[in-house]
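Text of data_31.csv (CSV, C-alpha atoms) as supplied:
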```csv
chain,number,residue,atom,x,y,z
L,30,MET,CA,-17.2,2.0,-1.7
L,31,ILE,CA,-13.4,2.1,-1.8
L,32,ILE,CA,-11.4,-1.0,-2.6
L,33,SER,CA,-8.0,-1.6,-1.0
L,34,ALA,CA,-5.7,-3.8,-3.2
L,35,SER,CA,-4.2,-4.5,-0.8
L,36,ARG,CA,-2.7,-3.9,2.6
L,37,ARG,CA,-2.3,-7.6,3.0
L,38,THR,CA,-0.4,-8.5,-0.1
L,39,ASP,CA,1.2,-6.9,-3.3
L,40,ILE,CA,-1.5,-7.5,-5.8
L,41,PRO,CA,0.1,-5.4,-8.6
L,42,SER,CA,3.3,-7.3,-8.4
L,43,TYR,CA,2.2,-10.9,-7.9
L,44,TYR,CA,-1.5,-11.1,-8.8
L,45,SER,CA,-2.2,-8.6,-11.5
L,46,GLU,CA,-3.6,-11.1,-14.0
L,47,TRP,CA,-6.0,-12.3,-11.3
L,48,PHE,CA,-7.0,-8.7,-10.5
L,49,TYR,CA,-7.8,-7.9,-14.1
L,50,ASN,CA,-9.8,-11.1,-14.4
L,51,ARG,CA,-11.8,-10.1,-11.4
L,52,ILE,CA,-12.5,-6.6,-12.9
L,53,GLN,CA,-13.7,-8.3,-16.1
L,54,GLU,CA,-16.0,-10.6,-14.2
L,55,GLY,CA,-17.3,-7.9,-11.9
L,56,TYR,CA,-16.8,-9.5,-8.5
L,57,VAL,CA,-14.2,-11.0,-6.2
L,58,LEU,CA,-14.5,-13.5,-3.3
L,59,VAL,CA,-12.6,-12.6,-0.1
L,60,ARG,CA,-12.1,-14.9,2.9
L,61,ASN,CA,-12.6,-13.4,6.4
L,62,PRO,CA,-9.1,-13.7,7.9
L,63,MET,CA,-10.7,-14.3,11.3
L,64,ASN,CA,-13.0,-17.1,10.0
L,65,ILE,CA,-11.7,-18.7,6.8
L,66,HIS,CA,-14.9,-20.5,6.0
L,67,GLN,CA,-16.7,-17.1,5.8
L,68,ILE,CA,-16.4,-15.6,2.3
L,69,SER,CA,-17.7,-12.3,1.1
L,70,LYS,CA,-18.7,-11.7,-2.5
L,71,ILE,CA,-17.6,-8.1,-3.4
L,72,ASN,CA,-19.1,-6.3,-6.3
L,73,LEU,CA,-16.4,-4.7,-8.5
L,74,SER,CA,-18.7,-2.9,-10.9
L,75,PRO,CA,-17.4,0.7,-11.6
L,76,ASP,CA,-20.9,1.9,-10.8
L,77,ILE,CA,-20.4,0.7,-7.2
L,78,VAL,CA,-16.6,1.0,-6.7
L,79,ASP,CA,-15.9,4.7,-6.0
L,80,GLY,CA,-12.1,4.2,-6.0
L,81,ILE,CA,-9.3,1.7,-5.8
L,82,VAL,CA,-6.0,2.1,-3.8
L,83,PHE,CA,-3.2,-0.1,-5.0
L,84,TRP,CA,-0.3,-0.9,-2.6
L,85,THR,CA,2.9,-2.1,-4.2
L,86,LYS,CA,6.7,-2.3,-4.3
L,87,ASN,CA,6.8,-3.2,-8.0
L,88,PRO,CA,3.8,-2.4,-10.3
L,89,ALA,CA,5.5,-3.7,-13.5
L,90,PRO,CA,3.1,-6.5,-14.2
L,91,MET,CA,0.1,-4.1,-14.2
L,92,LEU,CA,1.5,-1.4,-16.4
L,93,LYS,CA,0.6,-2.7,-19.9
L,94,ARG,CA,-3.1,-3.1,-19.0
L,95,LEU,CA,-3.9,0.1,-17.1
L,96,ASN,CA,-6.3,1.1,-19.9
L,97,GLU,CA,-8.6,-1.6,-18.5
L,98,LEU,CA,-9.1,0.6,-15.4
L,99,GLU,CA,-10.2,3.7,-17.3
L,100,ARG,CA,-13.7,3.5,-15.7
L,101,TYR,CA,-12.3,3.6,-12.2
L,102,SER,CA,-10.7,6.3,-10.1
L,103,TYR,CA,-7.5,4.9,-8.5
L,104,TYR,CA,-4.1,5.7,-7.3
L,105,PHE,CA,-1.0,3.8,-6.1
L,106,GLN,CA,0.7,3.7,-2.7
L,107,PHE,CA,4.2,2.9,-4.0
L,108,THR,CA,6.8,1.8,-1.3
L,109,LEU,CA,10.4,2.6,-2.3
L,110,THR,CA,13.0,2.3,0.4
L,111,PRO,CA,16.9,2.0,0.3
L,112,TYR,CA,16.9,-1.5,1.8
L,113,GLY,CA,18.7,-4.3,0.3
L,114,GLU,CA,17.9,-8.0,-0.1
L,115,GLU,CA,18.8,-8.7,3.6
L,116,ILE,CA,15.5,-6.8,4.5
L,117,GLU,CA,13.5,-7.0,1.2
L,118,PRO,CA,14.8,-10.3,-0.2
L,119,ASN,CA,12.6,-10.8,-3.3
L,120,LEU,CA,12.4,-7.4,-4.8
L,121,PRO,CA,14.1,-6.6,-8.1
L,122,SER,CA,17.0,-4.1,-8.2
L,123,LYS,CA,15.9,-0.6,-7.0
L,124,ARG,CA,18.4,1.1,-9.2
L,125,ASN,CA,17.8,-0.9,-12.3
L,126,VAL,CA,14.1,-1.8,-12.1
L,127,VAL,CA,12.0,-0.4,-9.4
L,128,ILE,CA,12.9,3.3,-9.8
L,129,SER,CA,12.2,3.1,-13.5
L,130,GLN,CA,8.9,1.5,-12.9
L,131,PHE,CA,8.0,4.3,-10.5
L,132,ILE,CA,8.8,6.8,-13.2
L,133,GLU,CA,6.9,4.9,-15.9
L,134,LEU,CA,3.8,4.6,-13.7
L,135,SER,CA,3.9,8.3,-13.0
L,136,ASP,CA,4.3,9.1,-16.7
L,137,LYS,CA,1.2,7.0,-17.4
L,138,ILE,CA,-1.2,8.2,-14.7
L,139,GLY,CA,0.3,11.4,-13.4
L,140,PRO,CA,2.3,12.3,-10.2
L,141,ASP,CA,-0.8,13.1,-8.2
L,142,ARG,CA,-1.8,9.4,-8.3
L,143,VAL,CA,1.6,7.9,-7.3
L,144,ILE,CA,2.2,8.3,-3.6
L,145,TRP,CA,5.7,7.5,-2.5
L,146,ARG,CA,6.1,5.6,0.7
L,147,TYR,CA,9.4,5.7,2.5
L,148,ASP,CA,8.4,3.3,5.1
L,149,PRO,CA,8.9,1.7,7.5
L,150,ILE,CA,12.1,3.5,8.7
L,151,ILE,CA,14.2,1.0,10.6
L,152,LEU,CA,17.5,1.7,12.4
L,153,ASN,CA,20.5,-0.6,12.7
L,154,HIS,CA,24.3,-0.5,12.1
L,155,GLN,CA,23.8,0.0,8.3
L,156,TYR,CA,20.7,2.1,8.2
L,157,THR,CA,21.5,4.8,10.7
L,158,VAL,CA,19.7,8.1,11.2
L,159,GLN,CA,22.3,9.9,9.0
L,160,ASN,CA,22.2,7.3,6.3
L,161,HIS,CA,18.4,7.5,6.1
L,162,ILE,CA,18.7,11.2,5.6
L,163,ARG,CA,21.2,10.7,2.8
L,164,TYR,CA,19.2,7.9,1.2
L,165,PHE,CA,16.0,10.0,1.4
L,166,GLU,CA,17.6,12.9,-0.4
L,167,MET,CA,19.0,10.6,-3.1
L,168,LEU,CA,15.6,9.2,-3.8
L,169,ALA,CA,13.7,12.5,-3.5
L,170,LYS,CA,16.0,14.0,-6.1
L,171,ILE,CA,15.4,11.2,-8.6
L,172,LEU,CA,11.7,11.2,-8.0
L,173,LYS,CA,11.2,15.0,-8.3
L,174,GLY,CA,8.3,15.7,-10.6
L,175,PHE,CA,7.1,12.1,-10.6
L,176,THR,CA,5.3,12.3,-7.2
L,177,LYS,CA,3.9,15.0,-5.0
L,178,ARG,CA,3.5,13.3,-1.7
L,179,CYS,CA,5.7,11.1,0.5
L,180,VAL,CA,4.5,9.0,3.4
L,181,ILE,CA,6.9,8.0,6.2
L,182,SER,CA,6.5,5.7,9.2
L,183,PHE,CA,8.7,4.2,11.9
L,184,VAL,CA,8.9,0.5,12.2
L,185,ASP,CA,6.6,-1.3,14.6
L,186,MET,CA,7.7,-4.5,16.2
L,187,TYR,CA,4.8,-6.9,15.6
L,188,ARG,CA,4.7,-10.2,17.6
L,189,ASN,CA,4.5,-12.3,14.4
L,190,THR,CA,7.5,-10.7,12.8
L,191,ARG,CA,10.0,-10.9,15.7
L,192,ASN,CA,11.7,-14.0,14.4
L,193,ASN,CA,12.0,-12.5,10.9
L,194,VAL,CA,13.8,-9.4,12.1
L,195,LYS,CA,16.2,-11.1,14.6
L,196,SER,CA,19.1,-11.2,12.2
L,197,LEU,CA,18.8,-7.5,11.4
L,198,GLY,CA,20.1,-6.1,14.7
L,199,LEU,CA,17.4,-3.5,14.9
L,200,GLU,CA,17.8,-0.6,17.3
L,201,ALA,CA,14.9,1.0,19.2
L,202,ILE,CA,13.8,4.3,17.5
L,203,THR,CA,13.6,7.1,20.1
L,204,ASN,CA,11.6,10.3,20.0
L,205,GLU,CA,14.9,12.1,19.5
L,206,ASP,CA,15.6,10.0,16.4
L,207,MET,CA,12.2,10.7,15.0
L,208,ILE,CA,12.6,14.4,15.5
L,209,ILE,CA,16.1,14.5,13.8
L,210,ILE,CA,14.7,12.5,10.9
L,211,ALA,CA,11.6,14.6,10.7
L,212,GLU,CA,13.4,17.9,10.6
L,213,ALA,CA,15.9,16.7,8.0
L,214,PHE,CA,13.3,15.0,5.8
L,215,SER,CA,11.1,18.1,6.0
L,216,GLU,CA,13.9,20.3,4.6
L,217,ILE,CA,14.6,17.8,1.8
L,218,ALA,CA,10.9,17.5,1.0
L,219,LYS,CA,10.6,21.3,0.6
L,220,LYS,CA,13.7,21.2,-1.7
L,221,TYR,CA,12.1,18.7,-4.0
L,222,ASP,CA,8.5,19.9,-3.9
L,223,LEU,CA,7.1,17.0,-1.8
L,224,LYS,CA,4.3,17.1,0.8
L,225,LEU,CA,5.4,14.9,3.7
L,226,CYS,CA,3.1,13.0,6.1
L,227,THR,CA,3.3,10.2,8.6
L,228,CYS,CA,1.3,6.9,8.5
L,229,SER,CA,-0.3,5.8,11.8
L,230,GLU,CA,2.2,7.7,14.0
L,231,SER,CA,1.1,9.3,17.3
L,232,ILE,CA,4.0,11.6,17.4
L,233,GLU,CA,3.1,15.2,16.4
L,234,LEU,CA,5.4,16.6,13.7
L,235,SER,CA,3.4,19.5,12.4
L,236,GLN,CA,6.2,21.9,13.5
L,237,TYR,CA,8.1,20.5,10.6
L,238,ASP,CA,5.2,20.8,8.2
L,239,ILE,CA,4.6,17.0,8.4
L,240,SER,CA,0.9,16.1,8.7
L,241,HIS,CA,-0.8,12.8,9.5
L,242,ALA,CA,-1.5,10.8,6.4
L,243,HIS,CA,-4.8,9.5,5.1
L,244,CYS,CA,-3.4,6.6,3.0
L,245,ILE,CA,-6.9,5.8,1.8
L,246,ASP,CA,-7.7,9.4,1.2
L,247,LYS,CA,-11.2,10.8,0.8
L,248,ASP,CA,-9.9,14.2,-0.3
L,249,LEU,CA,-7.7,12.8,-3.0
L,250,PHE,CA,-10.5,10.7,-4.4
L,251,GLU,CA,-12.9,13.7,-4.3
L,252,CYS,CA,-10.3,15.7,-6.4
L,253,LEU,CA,-9.9,12.8,-8.9
L,254,MET,CA,-13.7,12.4,-9.3
L,255,GLU,CA,-14.7,16.0,-8.8
L,256,CYS,CA,-17.5,15.1,-6.5
L,257,LYS,CA,-18.0,14.6,-2.8
L,258,LEU,CA,-17.9,11.2,-1.0
L,259,GLN,CA,-19.9,10.3,2.0
L,260,LEU,CA,-17.1,8.4,3.7
L,261,ALA,CA,-16.2,8.1,7.4
L,262,LYS,CA,-13.0,7.0,9.1
L,263,ASP,CA,-12.3,3.3,9.0
L,264,PRO,CA,-13.3,1.8,12.4
L,265,ASN,CA,-11.2,-1.3,11.8
L,266,GLN,CA,-7.9,0.6,11.7
L,267,ARG,CA,-5.8,1.9,14.6
L,268,GLU,CA,-6.7,5.2,16.3
L,269,GLU,CA,-3.7,6.9,14.7
L,270,CYS,CA,-4.8,5.8,11.2
L,271,GLY,CA,-6.5,8.5,9.2
L,272,CYS,CA,-7.8,6.2,6.4
L,273,VAL,CA,-11.5,6.2,5.4
L,274,ALA,CA,-13.4,3.0,5.3
L,275,SER,CA,-12.5,0.5,2.5
L,276,ILE,CA,-12.8,-3.2,1.7
L,277,ASP,CA,-9.5,-5.1,1.4
L,278,ILE,CA,-9.5,-7.8,-1.3
L,279,GLY,CA,-6.1,-9.3,-0.4
L,280,ALA,CA,-5.0,-12.1,1.9
L,281,TYR,CA,-2.4,-12.5,4.6
L,282,ASN,CA,0.6,-14.7,4.0
L,283,SER,CA,0.5,-14.5,0.2
L,284,CYS,CA,3.1,-11.8,-0.7
L,285,LYS,CA,6.2,-13.3,-2.2
L,286,SER,CA,8.3,-10.2,-1.5
L,287,MET,CA,8.8,-11.5,2.1
L,288,CYS,CA,10.0,-8.2,3.5
L,289,LYS,CA,11.3,-8.9,7.0
L,290,TYR,CA,9.4,-6.2,8.7
L,291,CYS,CA,6.0,-6.9,7.1
L,292,TYR,CA,3.1,-7.7,9.5
L,293,ALA,CA,1.1,-9.3,6.7
L,294,ASN,CA,3.5,-12.2,6.3
L,295,TYR,CA,5.0,-14.3,9.1
L,296,ASN,CA,5.7,-17.7,7.7
L,297,THR,CA,7.6,-18.4,4.4
L,298,ASP,CA,6.3,-22.0,4.1
L,299,ILE,CA,2.7,-20.7,4.4
L,300,VAL,CA,3.3,-18.0,1.8
L,301,ASP,CA,4.8,-20.6,-0.6
L,302,LYS,CA,1.8,-22.9,0.0
L,303,ASN,CA,-0.7,-20.2,-0.6
L,304,TYR,CA,1.1,-18.8,-3.7
L,305,ASN,CA,1.2,-22.3,-5.2
L,306,LEU,CA,-2.6,-22.5,-4.7
L,307,HIS,CA,-3.2,-19.4,-6.7
L,308,ASN,CA,-5.3,-19.7,-9.8
L,309,PRO,CA,-5.6,-16.4,-11.9
L,310,LYS,CA,-9.0,-17.6,-13.0
L,311,SER,CA,-10.4,-18.3,-9.5
L,312,PRO,CA,-12.6,-15.7,-7.8
L,313,LEU,CA,-10.5,-16.3,-4.7
L,314,LEU,CA,-6.9,-15.1,-4.4
L,315,PHE,CA,-5.8,-18.6,-3.7
L,316,GLY,CA,-7.4,-22.0,-3.1
L,317,GLU,CA,-10.9,-23.0,-4.1
L,318,ILE,CA,-14.4,-22.9,-2.5
L,319,GLY,CA,-14.9,-25.8,-0.1
L,320,LYS,CA,-18.0,-27.6,1.2
L,321,GLU,CA,-17.7,-25.8,4.6
L,322,ASP,CA,-17.4,-22.4,3.0
L,323,LYS,CA,-20.3,-20.0,3.2
L,324,ILE,CA,-20.5,-17.2,0.6
L,325,THR,CA,-22.4,-14.0,1.6
L,326,GLU,CA,-22.9,-11.2,-0.9
L,327,ARG,CA,-21.9,-8.0,0.8
L,328,LYS,CA,-24.4,-5.1,0.5
L,329,MET,CA,-22.6,-2.2,-1.1
L,330,VAL,CA,-23.5,1.1,-2.7
L,331,SER,CA,-21.7,4.0,-4.3
L,332,LEU,CA,-21.0,6.7,-1.7
L,333,LYS,CA,-20.7,9.5,-4.3
L,334,ASP,CA,-22.6,12.7,-3.5
L,335,GLU,CA,-23.0,14.3,-6.9
L,336,GLN,CA,-25.3,17.1,-5.9
L,337,MET,CA,-24.1,20.5,-6.9
L,338,SER,CA,-22.4,22.6,-4.3
L,339,LEU,CA,-21.6,26.3,-4.1
L,340,PHE,CA,-18.7,25.6,-1.8
```
Let's see the structure in the file written out as structure tokens.
Amino acid sequence: MIISASRRTDIPSYYSEWFYNRIQEGYVLVRNPMNIHQISKINLSPDIVDGIVFWTKNPAPMLKRLNELERYSYYFQFTLTPYGEEIEPNLPSKRNVVISQFIELSDKIGPDRVIWRYDPIILNHQYTVQNHIRYFEMLAKILKGFTKRCVISFVDMYRNTRNNVKSLGLEAITNEDMIIIAEAFSEIAKKYDLKLCTCSESIELSQYDISHAHCIDKDLFECLMECKLQLAKDPNQREECGCVASIDIGAYNSCKSMCKYCYANYNTDIVDKNYNLHNPKSPLLFGEIGKEDKITERKMVSLKDEQMSLF
């Protein structure tokens, strides 16, 4: 079983104490986003959890306690973009804080386990195609040796984020724009020893040595654990998504970063309300168990195949 922590919110940045408490107690409760009174109890024992994928824009609160994860295989999907506070309003300074946290994380766990995400790529009067190319090279140069892989994607216009992005003056991204960016990014990636891939994009860019990403990556986990995993593609993700199956332990409308483009948040008031209901000692990310809630223990097993193989 793979744990995703989390596509829905930035657990390392805002809920790291809660996460470490859940690891210590060996389980977490997760509300079904489609039925809030339906709660799953997820076993977090290292004997059951085959791996953890952390998604973050600022892992600083986690870094001093990484030794508590020594029994787990894990890696980070680390989003680092050139956007300012008009797009990513609550992030610390990229220049003074976030980049140094990226480097510190890589020093602690190794460049194979820190995946750089330059996504989503958005276009407007400030972030033009040529500016993205320039920004990407600036960051790639700084991060050389601290990561081996970069994931890119082009922004999707989600219905629940349309109001958030109105002020940004976004421009439609054409196939021609994608090709220009892909070709330039590919040359830069080669220069700085980066493997480049796309996340949930239907456009084929293999001619530029850009593959389709598996953000929850069976192959990477197999390399980290030195054994095979009996994992299939996640049926709950889009067709273009190459991720294998996982269990997400986050919650929508709970990330305080409030990035304008993010599909996981759509209402600042709800985010503030949920964040204020957070209790680091609760098995739920926020709120408490109510009379109408039904808790079901999810049946889970390790999917490791540790039989010897000649191939």
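Computed from the coordinates, the atom CA of Ile52 of chain L to atom CA of Val78 of chain L distance equals 10.6 Å.
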Exercise. Find the residues near segment 253-257 of chain L: any atom within 7 Å, counting only C-alpha atoms, skip ones fewer than 4 places away on the same chain, and give them as a ChimeraX atom specification.
Key: /L:102,249,333-335
Quiz item: Neighbours of segment 202-206 of chain L within 12 Å (only C-alpha atoms; same-chain residues fewer than 2 positions away dropped), as a PyMOL selection string?
Solution: chain L and resi 149-153+156-159+161-162+182-186+199-200+208-214+230-234
Practice problem: Select, from L:Gly316, L:Asn193, L:Ile116, L:Glu97, the residue with the minimum atom-to-atom distance to Gln155 of chain L, counting only C-alpha atoms. | Solution: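 Nearest to Gln155 of chain L: L:Ile116.
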Quiz item: Of the residues L:Ile65, L:Leu197, L:Ile245, L:Trp47, which is the one nearest to Phe105 of chain L, using only C-alpha atoms?
Solution: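 Looking only at the distances to Phe105 of chain L, the closest residue turns out to be L:Ile245.
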Exercise. Identify, on the basis of all atoms listed in the file, every residue whose closest approach to segment 68-71 of chain L does not exceed 12 Å; exclude the query and any residue fewer than 5 positions from it along the same chain; express the result as JSON, numbers by chain.
Key: {"L": [30, 31, 32, 33, 51, 52, 54, 55, 56, 57, 58, 59, 60, 61, 62, 63, 77, 78, 275, 276, 277, 278, 279, 280, 312, 313, 314, 317, 318, 319, 321, 322, 323, 324, 325, 326, 327, 328, 329, 330]}
Exercise. Choose the residue, out of L:Ser129, L:Thr85, L:Gln266, L:Gln259, that has the smallest atom-to-atom separation from Cys228 of chain L; count only C-alpha atoms.
Key: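 Residue with the minimum atom-to-atom distance to Cys228 of chain L: L:Gln266.
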If we draw a sphere of 7 Å around (20.1, 1.4, 1.5), which residues have at least one atom in it when counting only C-alpha atoms? Please report them as a PDB file with C-alpha atoms, in the coordinates of the input.
```pdb
ATOM      1  CA  PRO L 111      16.900   2.000   0.300  1.00  0.00           C
ATOM      2  CA  TYR L 112      16.900  -1.500   1.800  1.00  0.00           C
ATOM      3  CA  GLY L 113      18.700  -4.300   0.300  1.00  0.00           C
ATOM      4  CA  TYR L 156      20.700   2.100   8.200  1.00  0.00           C
ATOM      5  CA  TYR L 164      19.200   7.900   1.200  1.00  0.00           C
TER       6      TYR L 164
END
```
Residues near Asn294 of chain L, cut-off 12 Å, only C-alpha atoms, skip fewer than 5 positions along chain, as a short mmCIF file (atom, residue, chain, number, x, y, z; two decimals) with C-alpha atoms, in the frame of the given file:
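Final file, around-v3.cif:
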```cif
data_model
loop_
_atom_site.label_atom_id
_atom_site.label_comp_id
_atom_site.auth_asym_id
_atom_site.auth_seq_id
_atom_site.Cartn_x
_atom_site.Cartn_y
_atom_site.Cartn_z
CA ARG L 36 -2.70 -3.90 2.60
CA ARG L 37 -2.30 -7.60 3.00
CA THR L 38 -0.40 -8.50 -0.10
CA ASP L 39 1.20 -6.90 -3.30
CA TYR L 187 4.80 -6.90 15.60
CA ARG L 188 4.70 -10.20 17.60
CA ASN L 189 4.50 -12.30 14.40
CA THR L 190 7.50 -10.70 12.80
CA ARG L 191 10.00 -10.90 15.70
CA ASN L 192 11.70 -14.00 14.40
CA ASN L 193 12.00 -12.50 10.90
CA ALA L 280 -5.00 -12.10 1.90
CA TYR L 281 -2.40 -12.50 4.60
CA ASN L 282 0.60 -14.70 4.00
CA SER L 283 0.50 -14.50 0.20
CA CYS L 284 3.10 -11.80 -0.70
CA LYS L 285 6.20 -13.30 -2.20
CA SER L 286 8.30 -10.20 -1.50
CA MET L 287 8.80 -11.50 2.10
CA CYS L 288 10.00 -8.20 3.50
CA LYS L 289 11.30 -8.90 7.00
CA ILE L 299 2.70 -20.70 4.40
CA VAL L 300 3.30 -18.00 1.80
CA ASP L 301 4.80 -20.60 -0.60
CA ASN L 303 -0.70 -20.20 -0.60
#
```
Quiz item: At what distance in Å, to one decimal, does atom CA of Ile40 of chain L lie from atom CA of Pro75 of chain L?
Solution: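 Straight-line distance from atom CA of Pro75 of chain L to atom CA of Ile40 of chain L works out to 18.8 Å.
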Exercise. Could you check which of L:Tyr221, L:Tyr304, L:Lys137, L:Val273 is closest to Tyr44 of chain L, using only C-alpha atoms?
Key: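 Under the stated criterion, the closest residue is L:Tyr304.
Atom CA of Ala274 of chain L is positioned 6.7 Å from atom CA of Leu260 of chain L.
Shortest atom-to-atom contact with Glu117 of chain L among L:Leu98, L:Ala242, L:Cys291, L:Leu172: L:Cys291, counting only C-alpha atoms.
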Practice problem: Kindly indicate which residue among L:Leu258, L:Asn125, L:Tyr295, L:His241 lies nearest to Asp79 of chain L, using all atoms listed in the file for the distances. | Solution: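 Result for the nearest residue to Asp79 of chain L: L:Leu258.
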Quiz item: Do you know which residues are at most 9 Å from Lys173 of chain L counting all atoms listed in the file, after dropping those on the same chain fewer than 5 positions away, and could you put them as a PyMOL selection string?
Solution: chain L and resi 168+221-223
